[in-house]
Amino acid sequence: MPSSPLELYFPLLVQALLGIGLAIGLVGGSFLLGQKVRSKTKESPYECGMAPIGSAGERFSVKFYLVAMLFILFEIEAVFLFPWVVVFRELKMVAFVEMFVFVILIFTGFIYIWGKGVLDWSKSALTQPGSAPVAPSPNARVLSHH
Amino acid sequence: MPANFIPTTADYLRTLPEIILIVAGTLLMLLEGLAGERNRKGTGPIALVAILAAFGAAFLAGLDNRGPAFQNFLIIDDFATFFRLLVLVVGAFSVLCSMSYFERENNDTGEYYALILFSLVGQCLLASSNELIMVFIGLEISSIATYILCGFQRDDRRNNESAIKYFLLGSFATTFLLYGVAWIYGMTGTTKLDEIGKLVADPRAIDTPWMVAACCALMFVGFAFKVSAAPLQSWTPDVYQGAPAPVTMFMSAGPKAAAFAVFLRVFTTGFSTLGESWMPVVWISALLTMIVGNFAALTQSNIKRLLAYSSIAHAGYVLVAIAARSEIGTAAALFYLASYAFMNLGAFAIVTQFSRAKERYVLVEDLAGLSQRQPVTAALFTVFLLSLIGVPLTSGFFGKFYIFKAAIDSKLFWLTVLGLLNSAVAAYYYLRIIVVMYFHEPGQSADTAPAPAPGISITMWASAVMIVVLGVYPGLLLRFATISSFLPK
């Protein structure tokens with residue numbers, strides 16, 4: 001049995017070392033053993049993918065950020081649901097009511113963003129006031145943001 | 001499962017103000033999402049009604065339903081009631097002024113009022129939190145809503161600057177507080193303030209007392225930022241200047257009072273036995289805050305920026321009361337915060353009105369000759385400024401009087417002398433505004449000044465009446481402040 005707090009953390013240390021070792025080993029191994037062929041294609045950002053168009057400093061639609069933020073919000077909801085399920089039997093009605101309130105609050109947020117047209121990526125929503133007007137180019141870049 | 005885990009009716013009744021505000025705020029968000037632009041006129045009044053209902057609930061809870069709520073995580077004592085009522089009053093007047101402001105700016109939206117309500121929830125929680133996690137959550141609820149409010153006019157560059165600065169610096173300062181909380185938990189194994197207080201007082205319980213002092217210092221950083229005390233005051237002028245005028249009004253009175261509330265509670269209930277260690281820090285901070293605020297305000301030409309520096313200076317006076325470490329000191333701080341809230345509400349109400357669309361007229365010079373064009377507005381502004389100076393017959397006089405009396409009672413003679421000298425310096429920049437209003441020739445900005453909108457008129461008059469009434473009968477508020485100043489040690 002581990003006796004001191006430090007011994008308790010020993011498995012964690014082993015795991016951390018294993019993780020770091022694996023990362024260094026794989027990258028270092030391929031660096032040492034792999035063949036080095038330098039060509040224009042090889043050095044491009046996406047070797048086997050799309051050919052890059054324009055510069056990387058483009059402005060792009062704020063909707064990317066919105067979606068990322070909303071994803072985090074709703075994911076947190078899911079994260080809270082997992083421990084809730086585990087203790088649900090023990091806490092019974094209290095847990096049910098608490099989670100109900102929490103879900104209602106999140107749901108309000110959902111209705112709000114829906115009403116604001118954040119989830120609507122079609123052209124009609126994009127021309128509405130309040131949302132970023134997006135040029136019909138394949139890059140979907142924002143021309144101006146009011 | 002412990003039996004007291006299940007919330008009782010008393011728990012809900014004691015936190016009814018917060019519940020009302022949350023429900024109303026959520027409702028406003030729903031309305032904004034579902035009805036969109038059609039129902040915007042109704043959002044401000046809904047918020048106002050919710051705040052009044054919460055005020056009633058807080059009053060009733062304070063009257064005959066005091067006690068701990070939710071396993072002592074919150075405590076509804078007289079101290080909490082005082083601050084809950086104060087921030088709700090500030091919130092109500094801010095909503096009144098905001099309705100006029102956003103009608104003028106043509107940007108009336110439900111989110112704004114929802115955010116005000118959420119911020120008030122955070123401030124009410126701060127006032128009543130009896131546990132460090134609740135302190136943190138309350139601080140975050142209040143702050144995050146305020147960060148957004150600062151940048152509410154999205155197409156205004158000043159708003160954007162204000163919001164980003166406040167957000168970045170505010171989050172950074174909060175991490176200090178959180179780090180202090182983590183350390184305290186590591187040392188004592190609890191986050192409840194009363195238990196921390198007992199353990200810190202017990203020399204056998206803590207084997208590294210210097211680390212408790214370090215926790216105190218870390219948490220002081222977090223609180224000092226929120227109350228804009230030196231040396232963490234540098235965000236205040238930029239944020240107050242850039243934010244929409246009614247938001248500045250709200251921020252400088254409500255969240256600041258709530259931050260002082262939690263500051264007082266944590267340092268009195270949690271760390272009163274360490275008073276010898278943290279008192280010098282508060283002493284120096286109080287002096288620096290007064291000096292920085294007053295001397296920087298001397299050269300300001302923008303009236304919002306000037307009032308921001310003045311707000312820093314006033315935080316310094318309240319810190320003097322905290323440095324006194326006595327119940328009289330706490331009572332003086334409560335009285336001062338309440339009377340300062342009214343001065344600020346009044347002054348910013350006039351700034352809100354006078355600045356006009358896009359806040360074009362925010363310079364001291366723009367007020368030139370206002371007394372000839374709008375004698376009533378100029379007279380009321382004079383009352384607020386005289387109260388900010390601390391002239392007798394205004395509540396500001398008694399506020400300063402009680403604070404310095406408490407400081408002398410605690411033998412802080414030097415701080416008292418330096419504080420009084422500072423008040424003399426402060427008189428200069430407040431009187432300058434009065435001189436500009438009364439003795440300068442009216443310019444184009446005074447000629448075109450519109451008559452005050454109804455909401456702003458109400459705020460101006462109510463604040464002026466409160467200031468004069470408290471200046472003549474300070475006992476009305478002082479009695480409540482004295483009852484509320486009791487914090488368990």
# chains A, B, ... in the order shown; residues from 1 in each chain; ligands from 1
call {"tool": "interface_residues", "arguments": {"of": "chain A", "to": "chain B", "cutoff": "10 Å", "atoms": "only C-alpha atoms", "output": "ChimeraX atom specification"}}
result
/A:90-91,93-95,104-117,145-146
call {"tool": "residues_around", "arguments": {"residues": "B:Val292", "least_positions_apart": "4", "cutoff": "12 Å", "atoms": "only C-alpha atoms", "output": "ChimeraX atom specification"}}
result
/B:228-234,236-237,284-288,296-299,308-316,422,425-426
call {"tool": "atom_distance", "arguments": {"atom1": "atom CA of B:Ala449", "atom2": "atom CA of B:Val351"}}
result
11.3 Å
call {"tool": "atom_distance", "arguments": {"atom1": "atom CA of B:Thr188", "atom2": "atom CA of B:Met211"}}
result
11.2 Å
call {"tool": "closest_residue", "arguments": {"among": "B:Ala54, B:Ala257, B:Ala24, B:Ile434", "to": "B:Thr377", "atoms": "only C-alpha atoms"}}
result
B:Ile434
call {"tool": "select_by_dssp", "arguments": {"residues": "stretch 340-485 of chain B", "states": "helix (DSSP H, G or I)", "output": "PyMOL selection string"}}
result
chain B and resi 340-355+357-359+364-367+370-373+375-389+395-409+413-439+444-447+454-472+475-484
call {"tool": "closest_residue", "arguments": {"among": "B:Thr352, B:Gly242, B:Val320, B:Lys489", "to": "B:Arg157", "atoms": "only C-alpha atoms"}}
result
B:Gly242
